[in-house]
$ cat protein-v2.pdb   # PDB, C-alpha atoms (C1' of nucleotides)
ATOM      1  CA  MET A   1     -78.875 -57.473  79.063
ATOM      2  CA  ARG A   2     -80.520 -58.596  75.850
ATOM      3  CA  ILE A   3     -78.573 -59.513  72.762
ATOM      4  CA  GLY A   4     -79.283 -56.240  70.977
ATOM      5  CA  GLU A   5     -78.029 -54.168  73.885
ATOM      6  CA  LEU A   6     -74.904 -56.251  74.204
ATOM      7  CA  ALA A   7     -74.239 -55.997  70.482
ATOM      8  CA  ALA A   8     -74.638 -52.220  70.595
ATOM      9  CA  ALA A   9     -72.405 -51.953  73.672
ATOM     10  CA  ALA A  10     -69.725 -54.083  72.020
ATOM     11  CA  GLY A  11     -70.044 -52.333  68.681
ATOM     12  CA  THR A  12     -71.101 -55.411  66.782
ATOM     13  CA  THR A  13     -74.268 -57.135  65.601
ATOM     14  CA  THR A  14     -76.653 -59.671  67.028
ATOM     15  CA  LYS A  15     -75.799 -61.944  64.113
ATOM     16  CA  THR A  16     -72.163 -61.946  65.162
ATOM     17  CA  LEU A  17     -73.002 -62.692  68.785
ATOM     18  CA  ARG A  18     -75.090 -65.721  67.868
ATOM     19  CA  PHE A  19     -72.295 -66.817  65.567
ATOM     20  CA  TYR A  20     -69.768 -66.475  68.389
ATOM     21  CA  GLU A  21     -71.969 -68.500  70.676
ATOM     22  CA  GLU A  22     -72.233 -71.196  68.022
ATOM     23  CA  ALA A  23     -68.444 -71.105  67.632
ATOM     24  CA  GLY A  24     -67.914 -71.545  71.352
ATOM     25  CA  LEU A  25     -66.492 -68.073  71.935
ATOM     26  CA  LEU A  26     -69.399 -66.940  74.020
ATOM     27  CA  PRO A  27     -70.927 -69.265  76.596
ATOM     28  CA  GLN A  28     -74.475 -70.390  76.156
ATOM     29  CA  THR A  29     -76.130 -67.852  78.313
ATOM     30  CA  GLU A  30     -79.170 -67.960  80.524
ATOM     31  CA  ARG A  31     -82.488 -67.536  78.839
ATOM     32  CA  ALA A  32     -85.312 -65.391  80.102
ATOM     33  CA  ALA A  33     -88.755 -66.962  80.427
ATOM     34  CA  ASN A  34     -89.570 -65.895  76.904
ATOM     35  CA  GLY A  35     -86.499 -67.587  75.461
ATOM     36  CA  TYR A  36     -84.501 -64.396  74.996
ATOM     37  CA  ARG A  37     -80.792 -64.589  75.789
ATOM     38  CA  ASP A  38     -79.905 -62.720  78.975
ATOM     39  CA  TYR A  39     -76.302 -61.570  79.263
ATOM     40  CA  GLY A  40     -74.427 -60.388  82.325
ATOM     41  CA  PRO A  41     -71.787 -57.663  82.167
ATOM     42  CA  GLU A  42     -68.947 -60.218  81.895
ATOM     43  CA  ALA A  43     -70.123 -60.932  78.355
ATOM     44  CA  LEU A  44     -69.010 -57.458  77.388
ATOM     45  CA  SER A  45     -65.475 -57.936  78.675
ATOM     46  CA  ARG A  46     -65.281 -61.233  76.876
ATOM     47  CA  LEU A  47     -66.351 -59.527  73.665
ATOM     48  CA  ASP A  48     -63.694 -56.908  74.263
ATOM     49  CA  PHE A  49     -61.153 -59.665  74.603
ATOM     50  CA  ILE A  50     -62.300 -61.212  71.353
ATOM     51  CA  ARG A  51     -62.101 -57.854  69.614
ATOM     52  CA  ARG A  52     -58.590 -57.200  70.898
ATOM     53  CA  GLY A  53     -57.514 -60.649  69.823
ATOM     54  CA  ARG A  54     -58.893 -60.031  66.353
ATOM     55  CA  VAL A  55     -57.078 -56.696  66.185
ATOM     56  CA  ALA A  56     -53.901 -58.563  67.116
ATOM     57  CA  GLY A  57     -54.467 -60.773  64.103
ATOM     58  CA  LEU A  58     -55.501 -63.892  65.984
ATOM     59  CA  THR A  59     -58.077 -66.143  64.414
ATOM     60  CA  LEU A  60     -61.309 -66.935  66.185
ATOM     61  CA  ALA A  61     -59.995 -70.483  66.647
ATOM     62  CA  GLN A  62     -56.901 -69.154  68.432
ATOM     63  CA  ILE A  63     -58.938 -66.817  70.567
ATOM     64  CA  ARG A  64     -61.111 -69.730  71.460
ATOM     65  CA  GLU A  65     -58.099 -71.739  72.594
ATOM     66  CA  VAL A  66     -57.193 -68.996  75.044
ATOM     67  CA  ILE A  67     -60.750 -68.766  76.272
ATOM     68  CA  ASP A  68     -60.931 -72.514  76.732
ATOM     69  CA  ILE A  69     -57.776 -72.495  78.835
ATOM     70  CA  ARG A  70     -59.217 -69.742  80.944
ATOM     71  CA  ASP A  71     -62.545 -71.523  81.263
ATOM     72  CA  ALA A  72     -60.706 -74.668  82.335
ATOM     73  CA  GLY A  73     -59.480 -72.629  85.312
ATOM     74  CA  ASP A  74     -55.899 -72.064  84.182
ATOM     75  CA  ALA A  75     -54.083 -68.818  83.488
ATOM     76  CA  PRO A  76     -53.493 -68.628  79.733
ATOM     77  CA  CYS A  77     -50.385 -66.399  80.018
ATOM     78  CA  HIS A  78     -47.976 -68.990  78.681
ATOM     79  CA  HIS A  79     -50.205 -69.973  75.810
ATOM     80  CA  VAL A  80     -50.754 -66.325  74.964
ATOM     81  CA  TYR A  81     -46.998 -65.783  74.958
ATOM     82  CA  GLN A  82     -46.512 -68.596  72.463
ATOM     83  CA  LEU A  83     -49.406 -67.473  70.343
ATOM     84  CA  LEU A  84     -48.095 -63.942  70.144
ATOM     85  CA  THR A  85     -44.590 -65.161  69.397
ATOM     86  CA  ALA A  86     -45.847 -67.266  66.506
ATOM     87  CA  ARG A  87     -47.885 -64.334  65.282
ATOM     88  CA  LEU A  88     -44.785 -62.122  65.390
ATOM     89  CA  VAL A  89     -42.777 -64.589  63.335
ATOM     90  CA  ASP A  90     -45.583 -64.550  60.829
ATOM     91  CA  ILE A  91     -45.765 -60.776  60.801
ATOM     92  CA  ASP A  92     -42.028 -60.472  60.241
ATOM     93  CA  ARG A  93     -42.283 -62.797  57.298
ATOM     94  CA  GLN A  94     -45.221 -60.872  55.898
ATOM     95  CA  ILE A  95     -43.370 -57.587  56.239
ATOM     96  CA  ALA A  96     -40.276 -58.986  54.526
ATOM     97  CA  ASP A  97     -42.415 -60.371  51.702
ATOM     98  CA  LEU A  98     -44.208 -57.082  51.264
ATOM     99  CA  ASP A  99     -40.949 -55.124  51.270
ATOM    100  CA  ALA A 100     -39.532 -57.317  48.533
ATOM    101  CA  LEU A 101     -42.742 -57.160  46.558
ATOM    102  CA  ARG A 102     -42.865 -53.411  46.930
ATOM    103  CA  ALA A 103     -39.380 -52.979  45.501
ATOM    104  CA  ALA A 104     -40.176 -55.254  42.584
ATOM    105  CA  LEU A 105     -43.458 -53.526  41.847
ATOM    106  CA  ILE A 106     -41.935 -50.053  41.879
ATOM    107  CA  GLN A 107     -39.443 -51.109  39.292
ATOM    108  CA  ARG A 108     -42.036 -52.741  37.083
ATOM    109  CA  ARG A 109     -44.523 -49.944  37.471
ATOM    110  CA  ASP A 110     -42.002 -47.305  36.502
ATOM    111  CA  GLN A 111     -41.001 -49.295  33.476
ATOM    112  CA  ALA A 112     -44.608 -49.675  32.484
ATOM    113  CA  GLY A 113     -45.196 -45.952  32.959
ATOM    114  CA  GLU A 114     -42.318 -44.927  30.753
ATOM    115  CA  ALA A 115     -42.944 -47.485  28.067
ATOM    116  CA  ASP A 116     -44.018 -46.472  24.626
ATOM    117  CA  PRO A 117     -47.170 -48.550  24.204
ATOM    118  CA  SER A 118     -46.366 -49.050  20.541
ATOM    119  CA  SER A 119     -43.195 -50.840  21.566
ATOM    120  CA  CYS A 120     -45.241 -53.392  23.464
ATOM    121  CA  PRO A 121     -44.442 -56.816  22.043
ATOM    122  CA  PRO A 122     -47.713 -58.386  20.925
ATOM    123  CA  ASP A 123     -46.765 -61.927  21.792
ATOM    124  CA  THR A 124     -47.103 -61.385  25.511
ATOM    125  CA  VAL A 125     -49.837 -59.799  27.555
ATOM    126  CA  CYS A 126     -47.610 -57.258  29.255
ATOM    127  CA  ARG A 127     -43.903 -57.535  29.760
ATOM    128  CA  TYR A 128     -44.001 -55.396  32.885
ATOM    129  CA  VAL A 129     -45.893 -57.898  34.919
TER     130      VAL A 129
ATOM    131  CA  MET B   1     -50.449 -79.660  23.699
ATOM    132  CA  ARG B   2     -53.006 -81.367  25.893
ATOM    133  CA  ILE B   3     -54.214 -79.931  29.146
ATOM    134  CA  GLY B   4     -52.100 -82.212  31.314
ATOM    135  CA  GLU B   5     -48.905 -81.313  29.486
ATOM    136  CA  LEU B   6     -49.687 -77.624  29.710
ATOM    137  CA  ALA B   7     -50.462 -77.908  33.405
ATOM    138  CA  ALA B   8     -47.185 -79.712  34.040
ATOM    139  CA  ALA B   9     -45.249 -77.167  31.968
ATOM    140  CA  ALA B  10     -46.848 -74.293  33.843
ATOM    141  CA  GLY B  11     -46.476 -75.950  37.212
ATOM    142  CA  THR B  12     -50.158 -76.085  37.931
ATOM    143  CA  THR B  13     -53.071 -78.514  37.650
ATOM    144  CA  THR B  14     -55.642 -79.339  35.017
ATOM    145  CA  LYS B  15     -58.317 -78.259  37.459
ATOM    146  CA  THR B  16     -56.824 -74.818  37.607
ATOM    147  CA  LEU B  17     -56.612 -74.530  33.843
ATOM    148  CA  ARG B  18     -60.272 -75.405  33.364
ATOM    149  CA  PHE B  19     -61.102 -72.961  36.123
ATOM    150  CA  TYR B  20     -59.100 -70.227  34.373
ATOM    151  CA  GLU B  21     -60.881 -70.942  31.123
ATOM    152  CA  GLU B  22     -64.209 -70.680  32.901
ATOM    153  CA  ALA B  23     -63.071 -67.394  34.459
ATOM    154  CA  GLY B  24     -62.079 -65.947  31.096
ATOM    155  CA  LEU B  25     -58.355 -65.915  31.797
ATOM    156  CA  LEU B  26     -57.573 -68.523  29.207
ATOM    157  CA  PRO B  27     -59.298 -68.421  25.830
ATOM    158  CA  GLN B  28     -61.539 -71.262  24.843
ATOM    159  CA  THR B  29     -59.096 -73.289  22.901
ATOM    160  CA  GLU B  30     -59.418 -75.532  19.896
ATOM    161  CA  ARG B  31     -60.612 -79.025  20.491
ATOM    162  CA  ALA B  32     -59.178 -82.132  18.918
ATOM    163  CA  ALA B  33     -61.555 -84.511  17.171
ATOM    164  CA  ASN B  34     -62.012 -86.414  20.413
ATOM    165  CA  GLY B  35     -63.023 -83.304  22.327
ATOM    166  CA  TYR B  36     -59.705 -82.857  24.117
ATOM    167  CA  ARG B  37     -58.447 -79.301  24.500
ATOM    168  CA  ASP B  38     -55.475 -78.558  22.266
ATOM    169  CA  TYR B  39     -53.238 -75.707  23.378
ATOM    170  CA  GLY B  40     -50.599 -73.837  21.420
ATOM    171  CA  PRO B  41     -47.380 -72.586  23.027
ATOM    172  CA  GLU B  42     -48.862 -69.100  23.581
ATOM    173  CA  ALA B  43     -51.023 -70.614  26.322
ATOM    174  CA  LEU B  44     -47.894 -71.180  28.343
ATOM    175  CA  SER B  45     -46.801 -67.546  28.164
ATOM    176  CA  ARG B  46     -50.265 -66.481  29.155
ATOM    177  CA  LEU B  47     -50.112 -68.771  32.147
ATOM    178  CA  ASP B  48     -46.755 -67.290  33.020
ATOM    179  CA  PHE B  49     -48.318 -63.870  32.886
ATOM    180  CA  ILE B  50     -51.101 -64.980  35.179
ATOM    181  CA  ARG B  51     -48.603 -66.463  37.595
ATOM    182  CA  ARG B  52     -46.505 -63.304  37.647
ATOM    183  CA  GLY B  53     -49.592 -61.217  38.225
ATOM    184  CA  ARG B  54     -50.577 -63.448  41.130
ATOM    185  CA  VAL B  55     -47.094 -63.146  42.594
ATOM    186  CA  ALA B  56     -47.465 -59.370  42.312
ATOM    187  CA  GLY B  57     -50.583 -59.644  44.445
ATOM    188  CA  LEU B  58     -53.089 -58.972  41.694
ATOM    189  CA  THR B  59     -56.415 -60.755  41.847
ATOM    190  CA  LEU B  60     -57.564 -62.950  39.005
ATOM    191  CA  ALA B  61     -60.158 -60.299  38.205
ATOM    192  CA  GLN B  62     -57.450 -57.658  37.822
ATOM    193  CA  ILE B  63     -55.302 -59.935  35.718
ATOM    194  CA  ARG B  64     -58.301 -60.573  33.566
ATOM    195  CA  GLU B  65     -58.791 -56.840  33.028
ATOM    196  CA  VAL B  66     -55.275 -56.582  31.662
ATOM    197  CA  ILE B  67     -55.774 -59.598  29.457
ATOM    198  CA  ASP B  68     -59.035 -58.192  28.137
ATOM    199  CA  ILE B  69     -57.368 -54.923  27.196
ATOM    200  CA  ARG B  70     -54.670 -56.833  25.416
ATOM    201  CA  ASP B  71     -57.194 -59.054  23.685
ATOM    202  CA  ALA B  72     -59.099 -55.973  22.564
ATOM    203  CA  GLY B  73     -55.949 -55.022  20.664
ATOM    204  CA  ASP B  74     -54.698 -52.266  22.974
ATOM    205  CA  ALA B  75     -51.460 -52.067  24.891
ATOM    206  CA  PRO B  76     -52.312 -52.397  28.581
ATOM    207  CA  CYS B  77     -49.256 -50.419  29.793
ATOM    208  CA  HIS B  78     -51.262 -47.550  31.206
ATOM    209  CA  HIS B  79     -53.757 -49.770  32.928
ATOM    210  CA  VAL B  80     -50.934 -51.853  34.343
ATOM    211  CA  TYR B  81     -49.281 -48.706  35.639
ATOM    212  CA  GLN B  82     -52.439 -47.695  37.482
ATOM    213  CA  LEU B  83     -53.008 -51.179  38.792
ATOM    214  CA  LEU B  84     -49.494 -51.426  40.157
ATOM    215  CA  THR B  85     -49.738 -47.958  41.662
ATOM    216  CA  ALA B  86     -52.918 -48.884  43.487
ATOM    217  CA  ARG B  87     -51.323 -52.105  44.627
ATOM    218  CA  LEU B  88     -48.335 -50.162  45.968
ATOM    219  CA  VAL B  89     -50.567 -47.833  47.948
ATOM    220  CA  ASP B  90     -52.193 -50.899  49.421
ATOM    221  CA  ILE B  91     -48.869 -52.533  50.210
ATOM    222  CA  ASP B  92     -47.615 -49.421  51.953
ATOM    223  CA  ARG B  93     -50.697 -49.370  54.105
ATOM    224  CA  GLN B  94     -50.316 -53.054  54.894
ATOM    225  CA  ILE B  95     -46.686 -52.580  55.859
ATOM    226  CA  ALA B  96     -47.518 -49.638  58.112
ATOM    227  CA  ASP B  97     -50.301 -51.615  59.757
ATOM    228  CA  LEU B  98     -48.049 -54.595  60.317
ATOM    229  CA  ASP B  99     -45.271 -52.435  61.737
ATOM    230  CA  ALA B 100     -47.652 -50.911  64.239
ATOM    231  CA  LEU B 101     -49.126 -54.280  65.111
ATOM    232  CA  ARG B 102     -45.675 -55.750  65.523
ATOM    233  CA  ALA B 103     -44.661 -53.096  68.022
ATOM    234  CA  ALA B 104     -47.859 -53.567  69.989
ATOM    235  CA  LEU B 105     -47.554 -57.349  70.012
ATOM    236  CA  ILE B 106     -43.965 -57.300  71.188
ATOM    237  CA  GLN B 107     -44.959 -55.217  74.151
ATOM    238  CA  ARG B 108     -47.912 -57.412  75.028
ATOM    239  CA  ARG B 109     -46.053 -60.627  74.478
ATOM    240  CA  ASP B 110     -43.203 -59.598  76.734
ATOM    241  CA  GLN B 111     -45.635 -58.592  79.433
ATOM    242  CA  ALA B 112     -47.404 -61.906  79.129
ATOM    243  CA  GLY B 113     -44.095 -63.738  79.284
ATOM    244  CA  GLU B 114     -42.982 -62.035  82.467
ATOM    245  CA  ALA B 115     -46.323 -62.217  84.174
ATOM    246  CA  ASP B 116     -46.796 -64.342  87.210
ATOM    247  CA  PRO B 117     -49.789 -66.469  86.196
ATOM    248  CA  SER B 118     -51.104 -66.364  89.716
ATOM    249  CA  SER B 119     -51.430 -62.605  89.392
ATOM    250  CA  CYS B 120     -53.764 -63.055  86.460
ATOM    251  CA  PRO B 121     -57.023 -61.317  87.309
ATOM    252  CA  PRO B 122     -59.797 -63.873  86.980
ATOM    253  CA  ASP B 123     -62.412 -61.439  85.746
ATOM    254  CA  THR B 124     -60.878 -61.153  82.314
ATOM    255  CA  VAL B 125     -59.657 -63.770  79.887
ATOM    256  CA  CYS B 126     -56.160 -62.368  79.562
ATOM    257  CA  ARG B 127     -55.099 -58.843  80.222
ATOM    258  CA  TYR B 128     -52.244 -59.082  77.751
ATOM    259  CA  VAL B 129     -54.416 -59.353  74.715
TER     260      VAL B 129
ATOM    261  C1'  DA C   1    -105.876 -54.515  68.874
ATOM    262  C1'  DT C   2    -102.361 -53.265  66.197
ATOM    263  C1'  DG C   3     -97.905 -51.445  64.765
ATOM    264  C1'  DG C   4     -93.200 -51.676  65.233
ATOM    265  C1'  DA C   5     -89.160 -53.044  67.499
ATOM    266  C1'  DC C   6     -87.404 -56.540  69.455
ATOM    267  C1'  DC C   7     -86.274 -61.617  69.815
ATOM    268  C1'  DT C   8     -86.048 -66.880  68.197
ATOM    269  C1'  DT C   9     -84.399 -70.697  64.862
ATOM    270  C1'  DC C  10     -82.876 -72.333  60.540
ATOM    271  C1'  DC C  11     -81.076 -72.212  55.966
ATOM    272  C1'  DA C  12     -78.372 -70.210  52.575
ATOM    273  C1'  DG C  13     -75.091 -67.059  50.569
ATOM    274  C1'  DT C  14     -70.883 -64.114  50.396
ATOM    275  C1'  DT C  15     -65.393 -63.856  48.644
ATOM    276  C1'  DC C  16     -61.336 -66.070  46.551
ATOM    277  C1'  DA C  17     -58.963 -69.443  44.125
ATOM    278  C1'  DG C  18     -59.325 -73.407  43.300
ATOM    279  C1'  DG C  19     -59.946 -78.925  44.951
ATOM    280  C1'  DG C  20     -62.588 -83.584  45.243
ATOM    281  C1'  DG C  21     -64.668 -86.936  43.147
ATOM    282  C1'  DA C  22     -68.285 -89.228  40.215
ATOM    283  C1'  DA C  23     -69.639 -90.984  35.721
ATOM    284  C1'  DG C  24     -68.164 -91.671  31.478
ATOM    285  C1'  DG C  25     -65.236 -91.281  26.794
ATOM    286  C1'  DT C  26     -60.470 -92.175  24.471
ATOM    287  C1'  DC C  27     -56.059 -93.776  23.479
ATOM    288  C1'  DA C  28     -51.646 -96.417  23.514
ATOM    289  C1'  DA C  29     -49.378-100.343  25.174
ATOM    290  C1'  DC C  30     -49.136-105.038  26.500
TER     291       DC C  30
ATOM    292  C1'  DG D   1     -58.968-107.274  25.029
ATOM    293  C1'  DT D   2     -57.992-105.195  28.761
ATOM    294  C1'  DT D   3     -55.486-102.442  31.747
ATOM    295  C1'  DG D   4     -54.047 -97.763  32.976
ATOM    296  C1'  DA D   5     -53.340 -93.088  31.984
ATOM    297  C1'  DC D   6     -55.381 -89.672  30.033
ATOM    298  C1'  DC D   7     -59.416 -86.648  28.943
ATOM    299  C1'  DT D   8     -64.573 -84.746  29.320
ATOM    300  C1'  DT D   9     -68.547 -82.473  32.047
ATOM    301  C1'  DC D  10     -70.952 -81.961  36.265
ATOM    302  C1'  DC D  11     -71.795 -80.544  40.843
ATOM    303  C1'  DC D  12     -70.486 -79.797  45.411
ATOM    304  C1'  DC D  13     -66.823 -78.550  49.010
ATOM    305  C1'  DT D  14     -63.119 -75.959  51.275
ATOM    306  C1'  DG D  15     -61.947 -71.990  54.998
ATOM    307  C1'  DA D  16     -62.906 -67.518  57.648
ATOM    308  C1'  DA D  17     -65.914 -64.795  59.549
ATOM    309  C1'  DC D  18     -69.627 -63.482  59.111
ATOM    310  C1'  DT D  19     -74.318 -61.613  56.572
ATOM    311  C1'  DG D  20     -79.113 -61.952  54.657
ATOM    312  C1'  DG D  21     -83.512 -63.340  54.865
ATOM    313  C1'  DA D  22     -87.662 -66.123  55.948
ATOM    314  C1'  DA D  23     -91.083 -67.525  59.268
ATOM    315  C1'  DG D  24     -92.601 -66.919  63.511
ATOM    316  C1'  DG D  25     -92.870 -65.459  68.784
ATOM    317  C1'  DT D  26     -92.884 -61.374  72.296
ATOM    318  C1'  DC D  27     -93.256 -57.016  74.326
ATOM    319  C1'  DC D  28     -94.623 -52.232  74.794
ATOM    320  C1'  DA D  29     -97.013 -48.173  73.481
ATOM    321  C1'  DT D  30    -100.726 -46.123  71.300
TER     322       DT D  30
END
$ encode --input "protein-v2.pdb" --output "structure tokens"
Amino acid sequence: MRIGELAAAAGTTTKTLRFYEEAGLLPQTERAANGYRDYGPEALSRLDFIRRGRVAGLTLAQIREVIDIRDAGDAPCHHVYQLLTARLVDIDRQIADLDALRAALIQRRDQAGEADPSSCPPDTVCRYV
Amino acid sequence: MRIGELAAAAGTTTKTLRFYEEAGLLPQTERAANGYRDYGPEALSRLDFIRRGRVAGLTLAQIREVIDIRDAGDAPCHHVYQLLTARLVDIDRQIADLDALRAALIQRRDQAGEADPSSCPPDTVCRYV
DNA sequence: ATGGACCTTCCAGTTCAGGGGAAGGTCAAC
DNA sequence: GTTGACCTTCCCCTGAACTGGAAGGTCCAT
């Protein structure tokens, strides 16, 4: 499979695939006699893994860690568990932050919407933010 | 007030203040005879405004829009209302996305945690991500 | 034999909000 | 008179994950 076919099959671009190879997420593949990269079908499942990891909010560096463990011959289950746990802690914090921000913004927005612009004190930019 | 004093009072750095000036968020201030910037106390309230806007999740570009309206002599209430409304729409989407992601991650994580590593199929990197 | 669709490498740029550090001017204290 | 803490401009760097484009090689059909 050439790089363009693989990119199309994975729903990405050739640029991204070369970037992933450079970043160590895709192995350096065989080259055909003309120098073209030649991928086997396992490249597609690896790209699917990368995509799922990205959807889960993992960074490419984290995804690479998992891949490296796998490539070293070990099962990455435990590492994945820890990674996902850390990600969940982070998500919970993000959600709490956004909830608080949302409440604050609603209050400020509604004040700004009801305000008489002529009552706006000129010594500040906007008292509602 | 010199730039270092202002930075300390605002809880930021001189680098940031020069960057804000460059970005049009702080006006080009008076200079003392020696070329040093000389700020009045209104600079501090403007910096507070910028900080509050940042906390509200506005970009520097959006904060600058509000400042420009104010500097043009208009009350920015209406613009602020729209900005905050758009930001709220965005926050609601972010929260919904994170909630969905959280549920999915919990499921995957718990599967990965219970998995027997030896049952890990070697043809994929990790079936739990 | 030539056009277009591929592929290769390499270099540079994008966004966002600053940070690092050089080279030099200024000021107050000791 | 010299240290040390300020200040100035200038240019490049960061991180994340790509994206754009140039210059050139290859393959297939017409």
$ interface_residues --input "protein-v2.pdb" --of "chain A" --to "chain B" --cutoff "7 Å" --atoms "all atoms listed in the file" --output "ChimeraX atom specification"
/A:45-46,49,52-53,56,67,70,75-78,80-81,84-85,88,91,95,98,101-102,105,109,112-113,117,120,124-126,129
$ calpha_fit_and_write --input "protein-v2.pdb" --fixed "chain A" --moving "chain B" --output "short mmCIF file (atom, residue, chain, number, x, y, z; two decimals) with C-alpha atoms, in the coordinates of the input"
data_model
loop_
_atom_site.label_atom_id
_atom_site.label_comp_id
_atom_site.auth_asym_id
_atom_site.auth_seq_id
_atom_site.Cartn_x
_atom_site.Cartn_y
_atom_site.Cartn_z
CA MET B 1 -78.88 -57.42 79.00
CA ARG B 2 -80.52 -58.58 75.80
CA ILE B 3 -78.59 -59.52 72.72
CA GLY B 4 -79.29 -56.27 70.89
CA GLU B 5 -78.06 -54.15 73.78
CA LEU B 6 -74.93 -56.24 74.12
CA ALA B 7 -74.26 -56.02 70.40
CA ALA B 8 -74.66 -52.25 70.46
CA ALA B 9 -72.42 -51.95 73.53
CA ALA B 10 -69.76 -54.09 71.90
CA GLY B 11 -70.07 -52.39 68.55
CA THR B 12 -71.11 -55.48 66.70
CA THR B 13 -74.29 -57.21 65.52
CA THR B 14 -76.66 -59.77 66.97
CA LYS B 15 -75.76 -62.06 64.10
CA THR B 16 -72.16 -62.02 65.17
CA LEU B 17 -73.02 -62.75 68.78
CA ARG B 18 -75.10 -65.80 67.88
CA PHE B 19 -72.30 -66.89 65.59
CA TYR B 20 -69.77 -66.54 68.43
CA GLU B 21 -71.99 -68.56 70.72
CA GLU B 22 -72.24 -71.26 68.08
CA ALA B 23 -68.45 -71.18 67.71
CA GLY B 24 -67.89 -71.57 71.44
CA LEU B 25 -66.48 -68.10 71.97
CA LEU B 26 -69.39 -66.94 74.05
CA PRO B 27 -70.90 -69.25 76.65
CA GLN B 28 -74.45 -70.37 76.25
CA THR B 29 -76.12 -67.82 78.38
CA GLU B 30 -79.17 -67.88 80.58
CA ARG B 31 -82.49 -67.47 78.91
CA ALA B 32 -85.32 -65.32 80.15
CA ALA B 33 -88.75 -66.90 80.50
CA ASN B 34 -89.58 -65.88 76.95
CA GLY B 35 -86.50 -67.58 75.53
CA TYR B 36 -84.50 -64.39 75.02
CA ARG B 37 -80.80 -64.56 75.82
CA ASP B 38 -79.91 -62.66 78.98
CA TYR B 39 -76.31 -61.52 79.27
CA GLY B 40 -74.42 -60.31 82.31
CA PRO B 41 -71.79 -57.56 82.10
CA GLU B 42 -68.95 -60.12 81.87
CA ALA B 43 -70.12 -60.88 78.33
CA LEU B 44 -69.02 -57.42 77.33
CA SER B 45 -65.47 -57.89 78.61
CA ARG B 46 -65.29 -61.19 76.84
CA LEU B 47 -66.36 -59.52 73.63
CA ASP B 48 -63.71 -56.90 74.19
CA PHE B 49 -61.17 -59.66 74.56
CA ILE B 50 -62.32 -61.23 71.32
CA ARG B 51 -62.11 -57.89 69.56
CA ARG B 52 -58.60 -57.23 70.85
CA GLY B 53 -57.51 -60.68 69.79
CA ARG B 54 -58.91 -60.07 66.31
CA VAL B 55 -57.09 -56.75 66.12
CA ALA B 56 -53.91 -58.61 67.07
CA GLY B 57 -54.46 -60.84 64.06
CA LEU B 58 -55.50 -63.94 65.96
CA THR B 59 -58.09 -66.19 64.39
CA LEU B 60 -61.31 -66.98 66.19
CA ALA B 61 -60.00 -70.51 66.68
CA GLN B 62 -56.90 -69.19 68.45
CA ILE B 63 -58.94 -66.83 70.58
CA ARG B 64 -61.12 -69.74 71.49
CA GLU B 65 -58.10 -71.74 72.64
CA VAL B 66 -57.19 -68.98 75.06
CA ILE B 67 -60.75 -68.74 76.30
CA ASP B 68 -60.92 -72.49 76.79
CA ILE B 69 -57.76 -72.46 78.89
CA ARG B 70 -59.19 -69.69 80.97
CA ASP B 71 -62.51 -71.46 81.30
CA ALA B 72 -60.70 -74.60 82.40
CA GLY B 73 -59.46 -72.56 85.35
CA ASP B 74 -55.87 -72.01 84.20
CA ALA B 75 -54.08 -68.77 83.49
CA PRO B 76 -53.48 -68.61 79.74
CA CYS B 77 -50.37 -66.38 80.00
CA HIS B 78 -47.99 -68.99 78.68
CA HIS B 79 -50.22 -69.99 75.83
CA VAL B 80 -50.76 -66.35 74.96
CA TYR B 81 -47.01 -65.81 74.96
CA GLN B 82 -46.51 -68.63 72.48
CA LEU B 83 -49.40 -67.51 70.34
CA LEU B 84 -48.10 -63.97 70.13
CA THR B 85 -44.59 -65.21 69.40
CA ALA B 86 -45.84 -67.31 66.52
CA ARG B 87 -47.88 -64.39 65.27
CA LEU B 88 -44.78 -62.17 65.39
CA VAL B 89 -42.77 -64.65 63.36
CA ASP B 90 -45.56 -64.60 60.83
CA ILE B 91 -45.74 -60.82 60.79
CA ASP B 92 -42.01 -60.53 60.24
CA ARG B 93 -42.25 -62.84 57.29
CA GLN B 94 -45.19 -60.90 55.89
CA ILE B 95 -43.33 -57.63 56.25
CA ALA B 96 -40.24 -59.03 54.53
CA ASP B 97 -42.37 -60.40 51.71
CA LEU B 98 -44.16 -57.11 51.26
CA ASP B 99 -40.91 -55.15 51.29
CA ALA B 100 -39.50 -57.34 48.55
CA LEU B 101 -42.71 -57.16 46.56
CA ARG B 102 -42.82 -53.41 46.95
CA ALA B 103 -39.34 -52.99 45.53
CA ALA B 104 -40.14 -55.25 42.60
CA LEU B 105 -43.43 -53.51 41.86
CA ILE B 106 -41.89 -50.06 41.92
CA GLN B 107 -39.41 -51.12 39.31
CA ARG B 108 -42.02 -52.73 37.10
CA ARG B 109 -44.50 -49.93 37.50
CA ASP B 110 -41.98 -47.29 36.54
CA GLN B 111 -40.99 -49.28 33.49
CA ALA B 112 -44.61 -49.65 32.51
CA GLY B 113 -45.17 -45.94 33.01
CA GLU B 114 -42.29 -44.91 30.78
CA ALA B 115 -42.96 -47.47 28.11
CA ASP B 116 -44.06 -46.42 24.70
CA PRO B 117 -47.22 -48.49 24.24
CA SER B 118 -46.43 -48.95 20.60
CA SER B 119 -43.27 -50.77 21.60
CA CYS B 120 -45.32 -53.32 23.48
CA PRO B 121 -44.51 -56.73 22.04
CA PRO B 122 -47.78 -58.30 20.92
CA ASP B 123 -46.80 -61.85 21.76
CA THR B 124 -47.14 -61.33 25.48
CA VAL B 125 -49.87 -59.74 27.55
CA CYS B 126 -47.62 -57.22 29.25
CA ARG B 127 -43.92 -57.50 29.73
CA TYR B 128 -44.02 -55.38 32.86
CA VAL B 129 -45.89 -57.87 34.93
#
$ residues_around --input "protein-v2.pdb" --residues "stretch 12-28 of chain C" --least-positions-apart "5" --cutoff "8 Å" --atoms "all atoms listed in the file" --output "list of chain:residue names"
B:Lys15, B:Thr16, B:Phe19, B:Asn34, D:DC6, D:DC7, D:DT8, D:DC13, D:DT14, D:DT19, D:DG20
